[in-house]
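*Asks:* Please find entry_32.cif (mmCIF, C-alpha atoms and all ligand atoms) on the next line:
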data_input
#
loop_
_atom_site.group_PDB
_atom_site.id
_atom_site.type_symbol
_atom_site.label_atom_id
_atom_site.label_comp_id
_atom_site.auth_asym_id
_atom_site.auth_seq_id
_atom_site.Cartn_x
_atom_site.Cartn_y
_atom_site.Cartn_z
ATOM 1 C CA MET H 1 -93.805 58.239 14.161
ATOM 2 C CA ARG H 2 -92.532 56.257 17.106
ATOM 3 C CA VAL H 3 -94.624 53.187 17.950
ATOM 4 C CA SER H 4 -95.231 51.792 21.433
ATOM 5 C CA TRP H 5 -94.319 48.234 22.393
ATOM 6 C CA ALA H 6 -98.013 47.319 22.291
ATOM 7 C CA GLN H 7 -98.466 48.762 18.785
ATOM 8 C CA LEU H 8 -95.308 47.056 17.569
ATOM 9 C CA GLY H 9 -96.437 43.711 18.995
ATOM 10 C CA GLU H 10 -99.787 44.041 17.203
ATOM 11 C CA GLN H 11 -98.146 44.986 13.912
ATOM 12 C CA ILE H 12 -95.744 42.031 14.021
ATOM 13 C CA ALA H 13 -98.469 39.570 15.034
ATOM 14 C CA ALA H 14 -100.632 40.615 12.071
ATOM 15 C CA CYS H 15 -97.785 41.047 9.574
ATOM 16 C CA GLU H 16 -98.279 39.774 6.025
ATOM 17 C CA LYS H 17 -95.577 41.893 4.383
ATOM 18 C CA CYS H 18 -93.695 38.912 2.948
ATOM 19 C CA ARG H 19 -94.173 35.252 2.037
ATOM 20 C CA LEU H 20 -92.799 34.003 5.386
ATOM 21 C CA CYS H 21 -96.214 34.675 6.951
ATOM 22 C CA GLU H 22 -97.660 31.828 4.884
ATOM 23 C CA THR H 23 -95.545 29.129 6.507
ATOM 24 C CA ARG H 24 -95.105 30.418 10.065
ATOM 25 C CA THR H 25 -96.726 28.804 13.097
ATOM 26 C CA ASN H 26 -96.039 31.814 15.340
ATOM 27 C CA VAL H 27 -94.348 35.149 14.884
ATOM 28 C CA VAL H 28 -91.185 35.506 16.965
ATOM 29 C CA PRO H 29 -90.951 39.220 17.753
ATOM 30 C CA GLY H 30 -88.221 39.133 20.405
ATOM 31 C CA GLU H 31 -88.055 39.135 24.179
ATOM 32 C CA GLY H 32 -86.191 40.453 27.178
ATOM 33 C CA ASN H 33 -85.613 43.663 29.056
ATOM 34 C CA PRO H 34 -87.328 46.518 27.160
ATOM 35 C CA ASN H 35 -84.623 48.870 28.500
ATOM 36 C CA ALA H 36 -81.656 46.528 28.056
ATOM 37 C CA ARG H 37 -78.139 47.943 27.722
ATOM 38 C CA LEU H 38 -77.237 44.888 25.651
ATOM 39 C CA MET H 39 -79.170 43.567 22.645
ATOM 40 C CA PHE H 40 -78.593 40.433 20.568
ATOM 41 C CA ILE H 41 -79.701 40.198 16.948
ATOM 42 C CA GLY H 42 -79.841 36.800 15.247
ATOM 43 C CA GLU H 43 -80.925 35.755 11.791
ATOM 44 C CA GLY H 44 -84.408 34.331 12.002
ATOM 45 C CA PRO H 45 -86.450 31.840 14.024
ATOM 46 C CA GLY H 46 -85.798 28.119 13.647
ATOM 47 C CA GLN H 47 -88.240 25.278 14.150
ATOM 48 C CA GLU H 48 -88.433 25.431 17.947
ATOM 49 C CA GLU H 49 -88.670 29.238 17.946
ATOM 50 C CA ASP H 50 -91.514 29.046 15.409
ATOM 51 C CA ARG H 51 -93.281 26.507 17.636
ATOM 52 C CA GLN H 52 -92.914 28.559 20.831
ATOM 53 C CA GLY H 53 -93.007 32.109 19.447
ATOM 54 C CA ARG H 54 -89.781 32.921 21.348
ATOM 55 C CA PRO H 55 -86.275 33.669 20.020
ATOM 56 C CA PHE H 56 -83.283 31.395 20.587
ATOM 57 C CA VAL H 57 -84.979 28.583 22.499
ATOM 58 C CA GLY H 58 -83.568 25.654 20.474
ATOM 59 C CA ARG H 59 -80.051 24.196 20.604
ATOM 60 C CA SER H 60 -78.317 27.390 19.494
ATOM 61 C CA GLY H 61 -80.432 29.270 22.026
ATOM 62 C CA GLU H 62 -79.142 27.051 24.822
ATOM 63 C CA LEU H 63 -75.598 27.924 23.816
ATOM 64 C CA LEU H 64 -76.424 31.638 23.560
ATOM 65 C CA THR H 65 -77.962 31.512 27.044
ATOM 66 C CA ARG H 66 -74.777 29.916 28.436
ATOM 67 C CA MET H 67 -72.660 32.619 26.784
ATOM 68 C CA ILE H 68 -74.861 35.351 28.263
ATOM 69 C CA HIS H 69 -74.421 33.759 31.702
ATOM 70 C CA ALA H 70 -70.667 33.568 31.129
ATOM 71 C CA ILE H 71 -70.476 37.373 30.923
ATOM 72 C CA GLY H 72 -72.422 37.687 34.163
ATOM 73 C CA LEU H 73 -75.884 38.436 32.776
ATOM 74 C CA GLU H 74 -79.285 36.749 32.705
ATOM 75 C CA ARG H 75 -81.413 36.421 29.586
ATOM 76 C CA SER H 76 -84.013 38.597 31.310
ATOM 77 C CA GLU H 77 -81.481 41.459 31.504
ATOM 78 C CA VAL H 78 -80.778 41.608 27.768
ATOM 79 C CA TYR H 79 -83.032 41.935 24.708
ATOM 80 C CA ILE H 80 -82.960 39.171 22.067
ATOM 81 C CA CYS H 81 -84.474 39.365 18.589
ATOM 82 C CA ASN H 82 -83.844 38.524 14.938
ATOM 83 C CA ILE H 83 -83.585 40.159 11.520
ATOM 84 C CA VAL H 84 -86.782 38.382 10.403
ATOM 85 C CA LYS H 85 -89.637 37.647 12.792
ATOM 86 C CA CYS H 86 -90.978 34.568 10.967
ATOM 87 C CA ARG H 87 -89.210 31.294 10.270
ATOM 88 C CA PRO H 88 -87.711 30.882 6.813
ATOM 89 C CA PRO H 89 -88.725 27.397 5.570
ATOM 90 C CA GLN H 90 -86.061 24.705 6.122
ATOM 91 C CA ASN H 91 -84.065 27.330 8.057
ATOM 92 C CA ARG H 92 -82.768 28.856 4.840
ATOM 93 C CA ASN H 93 -81.311 32.372 5.000
ATOM 94 C CA PRO H 94 -83.895 35.135 4.738
ATOM 95 C CA GLU H 95 -84.161 36.519 1.199
ATOM 96 C CA PRO H 96 -83.190 40.201 0.814
ATOM 97 C CA ASP H 97 -86.834 41.230 0.198
ATOM 98 C CA GLU H 98 -87.958 39.350 3.331
ATOM 99 C CA ALA H 99 -85.295 41.059 5.441
ATOM 100 C CA ALA H 100 -86.173 44.435 3.909
ATOM 101 C CA ALA H 101 -89.857 43.928 4.697
ATOM 102 C CA CYS H 102 -89.014 43.153 8.334
ATOM 103 C CA LEU H 103 -86.320 45.773 9.004
ATOM 104 C CA ASP H 104 -88.699 48.500 10.170
ATOM 105 C CA TYR H 105 -89.690 46.251 13.079
ATOM 106 C CA LEU H 106 -86.048 45.846 14.073
ATOM 107 C CA ARG H 107 -85.477 49.604 13.774
ATOM 108 C CA ALA H 108 -88.478 50.182 16.033
ATOM 109 C CA GLN H 109 -87.135 47.662 18.556
ATOM 110 C CA VAL H 110 -83.731 49.370 18.638
ATOM 111 C CA ALA H 111 -85.420 52.776 19.023
ATOM 112 C CA LEU H 112 -87.523 51.497 21.945
ATOM 113 C CA VAL H 113 -84.804 49.545 23.771
ATOM 114 C CA ARG H 114 -82.022 52.081 23.110
ATOM 115 C CA PRO H 115 -79.213 49.575 23.795
ATOM 116 C CA ARG H 116 -75.641 50.784 24.297
ATOM 117 C CA VAL H 117 -74.164 47.607 22.797
ATOM 118 C CA VAL H 118 -75.568 45.282 20.109
ATOM 119 C CA VAL H 119 -74.135 41.826 19.421
ATOM 120 C CA LEU H 120 -74.715 40.714 15.839
ATOM 121 C CA LEU H 121 -74.921 36.935 15.670
ATOM 122 C CA GLY H 122 -73.612 35.800 12.295
ATOM 123 C CA LYS H 123 -73.311 37.148 8.798
ATOM 124 C CA VAL H 124 -77.004 37.734 8.107
ATOM 125 C CA ALA H 125 -77.399 39.892 11.233
ATOM 126 C CA CYS H 126 -74.392 42.006 10.161
ATOM 127 C CA GLN H 127 -75.371 42.254 6.522
ATOM 128 C CA TYR H 128 -78.687 43.992 7.221
ATOM 129 C CA THR H 129 -77.434 46.262 9.998
ATOM 130 C CA ILE H 130 -73.863 47.527 9.769
ATOM 131 C CA ARG H 131 -72.671 46.607 6.282
ATOM 132 C CA ASP H 132 -73.338 44.522 3.191
ATOM 133 C CA GLN H 133 -70.104 42.623 2.861
ATOM 134 C CA VAL H 134 -69.220 40.839 6.054
ATOM 135 C CA PHE H 135 -66.923 37.882 6.588
ATOM 136 C CA ILE H 136 -67.409 36.800 10.158
ATOM 137 C CA THR H 137 -64.067 35.017 10.350
ATOM 138 C CA ARG H 138 -62.384 38.317 9.396
ATOM 139 C CA ASP H 139 -64.713 40.891 10.943
ATOM 140 C CA HIS H 140 -65.767 39.321 14.242
ATOM 141 C CA GLY H 141 -64.544 41.062 17.359
ATOM 142 C CA ARG H 142 -64.244 44.519 15.734
ATOM 143 C CA TRP H 143 -66.350 47.365 17.043
ATOM 144 C CA TYR H 144 -68.582 49.414 14.740
ATOM 145 C CA GLU H 145 -70.027 52.561 16.236
ATOM 146 C CA GLN H 146 -73.203 54.095 14.841
ATOM 147 C CA LYS H 147 -74.903 57.046 16.540
ATOM 148 C CA GLY H 148 -73.445 56.171 19.926
ATOM 149 C CA VAL H 149 -74.404 52.477 19.727
ATOM 150 C CA TRP H 150 -71.569 49.919 19.668
ATOM 151 C CA PHE H 151 -72.057 46.928 17.357
ATOM 152 C CA MET H 152 -70.011 43.742 17.719
ATOM 153 C CA PRO H 153 -70.169 41.090 14.980
ATOM 154 C CA THR H 154 -69.544 37.565 16.201
ATOM 155 C CA PHE H 155 -70.253 33.983 15.236
ATOM 156 C CA HIS H 156 -73.801 32.679 15.180
ATOM 157 C CA PRO H 157 -74.228 30.065 17.948
ATOM 158 C CA SER H 158 -75.221 27.451 15.368
ATOM 159 C CA ALA H 159 -71.829 27.999 13.657
ATOM 160 C CA LEU H 160 -70.198 27.335 17.034
ATOM 161 C CA LEU H 161 -72.194 24.121 17.396
ATOM 162 C CA ARG H 162 -71.064 23.031 13.930
ATOM 163 C CA ASP H 163 -67.429 24.000 14.562
ATOM 164 C CA PRO H 164 -66.515 24.159 18.267
ATOM 165 C CA SER H 165 -62.978 25.317 17.388
ATOM 166 C CA LYS H 166 -64.523 28.787 16.852
ATOM 167 C CA LYS H 167 -65.696 28.967 20.476
ATOM 168 C CA ARG H 168 -62.429 30.451 21.718
ATOM 169 C CA ASP H 169 -62.721 33.422 19.320
ATOM 170 C CA ALA H 170 -66.394 33.865 20.203
ATOM 171 C CA TRP H 171 -65.550 33.891 23.903
ATOM 172 C CA GLU H 172 -62.987 36.640 23.292
ATOM 173 C CA ASP H 173 -65.674 38.651 21.485
ATOM 174 C CA PHE H 174 -68.054 38.198 24.416
ATOM 175 C CA GLN H 175 -65.355 39.329 26.843
ATOM 176 C CA LYS H 176 -64.938 42.508 24.779
ATOM 177 C CA VAL H 177 -68.685 43.032 25.047
ATOM 178 C CA ARG H 178 -68.588 42.577 28.826
ATOM 179 C CA ASP H 179 -65.669 45.044 29.076
ATOM 180 C CA LYS H 180 -67.353 47.609 26.817
ATOM 181 C CA LEU H 181 -70.497 47.530 28.968
ATOM 182 C CA ALA H 182 -68.380 48.099 32.080
ATOM 183 C CA GLU H 183 -66.476 50.926 30.376
ATOM 184 C CA LEU H 184 -69.690 52.648 29.249
ATOM 185 C CA GLU H 185 -71.190 52.222 32.696
ATOM 186 C CA ALA H 186 -68.095 53.742 34.333
ATOM 187 C CA ALA H 187 -68.119 56.662 31.868
ATOM 188 C CA ALA H 188 -71.817 57.293 32.525
ATOM 189 C CA GLY H 189 -71.108 57.216 36.271
ATOM 190 C CA THR H 190 -68.483 59.944 35.998
ATOM 191 C CA GLU H 191 -70.416 62.150 33.559
ATOM 192 C CA GLY H 192 -70.843 65.619 34.952
ATOM 193 C CA THR H 193 -68.233 65.090 37.676
ATOM 194 C CA ASP H 194 -64.750 66.499 37.464
HETATM 195 N N1 LIG Y 1 -81.278 31.188 15.109
HETATM 196 C C1 LIG Y 1 -81.522 32.500 14.980
HETATM 197 O O1 LIG Y 1 -80.873 33.208 14.227
HETATM 198 N N2 LIG Y 1 -82.495 32.998 15.704
HETATM 199 C C2 LIG Y 1 -83.229 32.291 16.560
HETATM 200 O O2 LIG Y 1 -84.116 32.857 17.193
HETATM 201 C C3 LIG Y 1 -82.919 30.926 16.685
HETATM 202 C C4 LIG Y 1 -81.946 30.390 15.940
#
Show the structure stored in the file as structure tokens.
Ligand code: URA
*Replies:*
Amino acid sequence: MRVSWAQLGEQIAACEKCRLCETRTNVVPGEGNPNARLMFIGEGPGQEEDRQGRPFVGRSGELLTRMIHAIGLERSEVYICNIVKCRPPQNRNPEPDEAAACLDYLRAQVALVRPRVVVLLGKVACQYTIRDQVFITRDHGRWYEQKGVWFMPTFHPSALLRDPSKKRDAWEDFQKVRDKLAELEAAAGTEGTD
């Protein structure tokens, strides 16, 4: 059964499906335009996100926000969320059982937003969505289409902060995302005309 945004928010806020609930300060469900054409999926909340209950508000969030601006969009126009909605202690990767416990929330978010394009930020985001074995250095910038939704793996912003030499590749990926949105928009505009 399809949940509403309100029901989903209540379920996430009360969630105790995995051990991450024991150490969280706040759940970090996601935020943005509920009808966004473009969605970003990260890994899991960090310290600042856990404190504020909002995704990507720390240092990597600042970089993500700048990259969103660079393709001509505002944060309020896109939807931003994570694989897991609670912070893994010490910012470790989510364990497979934690991700599995949380995935229904992500599926519900995708079903509600119905994005045309999804940017997967880093290996963990790819691993639990499009495929198990992902090497971002090899697979970034390639499109994966599933049921009419276009998925683009790219570097996690924190990887770009650690290694700024990757920023050029990430920027190329973001340009592809910008172009795909324009292409889909143009195609939608001509649908039904001949
Ligand atoms: N890193 C993530 O993957 N998600 C956030 O929300 C913040 C940092």
*Asks:* Compare H:Arg24, H:Arg87, H:Arg66, H:Lys17 by their minimum atom-to-atom distance to ligand LIG 1 (chain Y), counting only C-alpha atoms and all ligand atoms, and give me the closest one.
*Replies:* H:Arg87
*Asks:* Carefully work through the PyMOL selection byres (((not hetatm)) within 12 of (chain Y and resi 1)) for this structure and note down the residues it includes, as a count of residues only.
*Replies:* 59
*Asks:* Between H:Asp163, H:Pro89, H:Ala36, H:Asp179, which one has atoms that come closest to Ser76 in chain H, using all atoms listed in the file?
*Replies:*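 Selected residue with least distance to Ser76 in chain H: H:Ala36.
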*Asks:* Distance CA of Lys166 in chain H-CA of Gln146 in chain H, one decimal place?
*Replies:*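 Spanning CA of Lys166 in chain H to CA of Gln146 in chain H is a straight-line distance of 26.8 Å.
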*Asks:* Would you compute the distance between CA of Arg131 in chain H and CA of Met152 in chain H? Give it in Å to one decimal.
*Replies:*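 Atom-to-atom, CA of Arg131 in chain H and CA of Met152 in chain H are spaced 12.1 Å apart.
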*Asks:* For the atom pair CA of Leu20 in chain H and CA of Gln90 in chain H, what is the interatomic distance in Å to one decimal place?
*Replies:*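 Value for the CA of Leu20 in chain H-CA of Gln90 in chain H distance: 11.5 Å.
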*Asks:* Any chance you could work out the residue set of the PyMOL selection byres (((chain H and resi 184-193) around 10) and not hetatm) here, as a PDB file with C-alpha atoms, in the coordinates of the input?
*Replies:*
ATOM      1  CA  ARG H  37     -78.139  47.943  27.722  1.00  0.00           C
ATOM      2  CA  ARG H 116     -75.641  50.784  24.297  1.00  0.00           C
ATOM      3  CA  VAL H 117     -74.164  47.607  22.797  1.00  0.00           C
ATOM      4  CA  ASP H 179     -65.669  45.044  29.076  1.00  0.00           C
ATOM      5  CA  LYS H 180     -67.353  47.609  26.817  1.00  0.00           C
ATOM      6  CA  LEU H 181     -70.497  47.530  28.968  1.00  0.00           C
ATOM      7  CA  ALA H 182     -68.380  48.099  32.080  1.00  0.00           C
ATOM      8  CA  GLU H 183     -66.476  50.926  30.376  1.00  0.00           C
ATOM      9  CA  ASP H 194     -64.750  66.499  37.464  1.00  0.00           C
TER      10      ASP H 194
END
*Asks:* Can you work out which one of H:Lys176, H:Trp5, H:Leu73, H:Gln133 has the shortest atom-to-atom distance to Thr154 in chain H, counting all atoms listed in the file?
*Replies:*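 Smallest distance to Thr154 in chain H is found for H:Lys176.
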*Asks:* Which residue out of H:Leu112, H:Leu8, H:Ala170, H:Val3 has the minimum interatomic distance to Asp139 in chain H when all atoms listed in the file are used?
*Replies:* H:Ala170
*Asks:* Anything within 12 Å of (-90.4, 45.0, 3.8): list those residues as a PyMOL selection string, counting all atoms listed in the file and sticking to the file's coordinates.
*Replies:* chain H and resi 12+15-20+83-85+94-106
*Asks:* Can you put N, CA and C atoms back into range 23-40 of chain H and show it as a PDB file, keeping the file's coordinate frame?
*Replies:*
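Printed below is selection-v6.pdb as written:
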ATOM      1  N   THR H  23     -96.021  30.422   5.981  1.00  0.00           N
ATOM      2  CA  THR H  23     -95.545  29.129   6.507  1.00  0.00           C
ATOM      3  C   THR H  23     -95.253  29.177   8.009  1.00  0.00           C
ATOM      4  N   ARG H  24     -95.421  30.344   8.634  1.00  0.00           N
ATOM      5  CA  ARG H  24     -95.105  30.418  10.065  1.00  0.00           C
ATOM      6  C   ARG H  24     -96.183  29.746  10.903  1.00  0.00           C
ATOM      7  N   THR H  25     -95.764  29.246  12.093  1.00  0.00           N
ATOM      8  CA  THR H  25     -96.726  28.804  13.097  1.00  0.00           C
ATOM      9  C   THR H  25     -97.013  29.988  14.016  1.00  0.00           C
ATOM     10  N   ASN H  26     -95.937  30.620  14.486  1.00  0.00           N
ATOM     11  CA  ASN H  26     -96.039  31.814  15.340  1.00  0.00           C
ATOM     12  C   ASN H  26     -95.047  32.851  14.865  1.00  0.00           C
ATOM     13  N   VAL H  27     -95.368  34.119  15.061  1.00  0.00           N
ATOM     14  CA  VAL H  27     -94.348  35.149  14.884  1.00  0.00           C
ATOM     15  C   VAL H  27     -93.427  35.086  16.102  1.00  0.00           C
ATOM     16  N   VAL H  28     -92.179  35.512  15.885  1.00  0.00           N
ATOM     17  CA  VAL H  28     -91.185  35.506  16.965  1.00  0.00           C
ATOM     18  C   VAL H  28     -90.635  36.932  17.073  1.00  0.00           C
ATOM     19  N   PRO H  29     -91.341  37.808  17.777  1.00  0.00           N
ATOM     20  CA  PRO H  29     -90.951  39.220  17.753  1.00  0.00           C
ATOM     21  C   PRO H  29     -89.616  39.485  18.445  1.00  0.00           C
ATOM     22  N   GLY H  30     -89.412  38.855  19.595  1.00  0.00           N
ATOM     23  CA  GLY H  30     -88.221  39.133  20.405  1.00  0.00           C
ATOM     24  C   GLY H  30     -88.652  39.130  21.853  1.00  0.00           C
ATOM     25  N   GLU H  31     -87.679  39.120  22.757  1.00  0.00           N
ATOM     26  CA  GLU H  31     -88.055  39.135  24.179  1.00  0.00           C
ATOM     27  C   GLU H  31     -86.898  39.639  25.017  1.00  0.00           C
ATOM     28  N   GLY H  32     -87.229  40.035  26.238  1.00  0.00           N
ATOM     29  CA  GLY H  32     -86.191  40.453  27.178  1.00  0.00           C
ATOM     30  C   GLY H  32     -86.525  41.777  27.823  1.00  0.00           C
ATOM     31  N   ASN H  33     -85.475  42.401  28.350  1.00  0.00           N
ATOM     32  CA  ASN H  33     -85.613  43.663  29.056  1.00  0.00           C
ATOM     33  C   ASN H  33     -85.877  44.787  28.048  1.00  0.00           C
ATOM     34  N   PRO H  34     -87.025  45.464  28.137  1.00  0.00           N
ATOM     35  CA  PRO H  34     -87.328  46.518  27.160  1.00  0.00           C
ATOM     36  C   PRO H  34     -86.401  47.729  27.269  1.00  0.00           C
ATOM     37  N   ASN H  35     -85.608  47.781  28.353  1.00  0.00           N
ATOM     38  CA  ASN H  35     -84.623  48.870  28.500  1.00  0.00           C
ATOM     39  C   ASN H  35     -83.197  48.327  28.579  1.00  0.00           C
ATOM     40  N   ALA H  36     -82.951  47.201  27.914  1.00  0.00           N
ATOM     41  CA  ALA H  36     -81.656  46.528  28.056  1.00  0.00           C
ATOM     42  C   ALA H  36     -80.498  47.397  27.561  1.00  0.00           C
ATOM     43  N   ARG H  37     -79.361  47.282  28.216  1.00  0.00           N
ATOM     44  CA  ARG H  37     -78.139  47.943  27.722  1.00  0.00           C
ATOM     45  C   ARG H  37     -77.534  47.114  26.605  1.00  0.00           C
ATOM     46  N   LEU H  38     -77.826  45.812  26.621  1.00  0.00           N
ATOM     47  CA  LEU H  38     -77.237  44.888  25.651  1.00  0.00           C
ATOM     48  C   LEU H  38     -78.338  44.178  24.861  1.00  0.00           C
ATOM     49  N   MET H  39     -78.180  44.202  23.526  1.00  0.00           N
ATOM     50  CA  MET H  39     -79.170  43.567  22.645  1.00  0.00           C
ATOM     51  C   MET H  39     -78.462  42.544  21.761  1.00  0.00           C
ATOM     52  N   PHE H  40     -79.113  41.442  21.490  1.00  0.00           N
ATOM     53  CA  PHE H  40     -78.593  40.433  20.568  1.00  0.00           C
ATOM     54  C   PHE H  40     -79.515  40.363  19.358  1.00  0.00           C
TER      55      PHE H  40
END
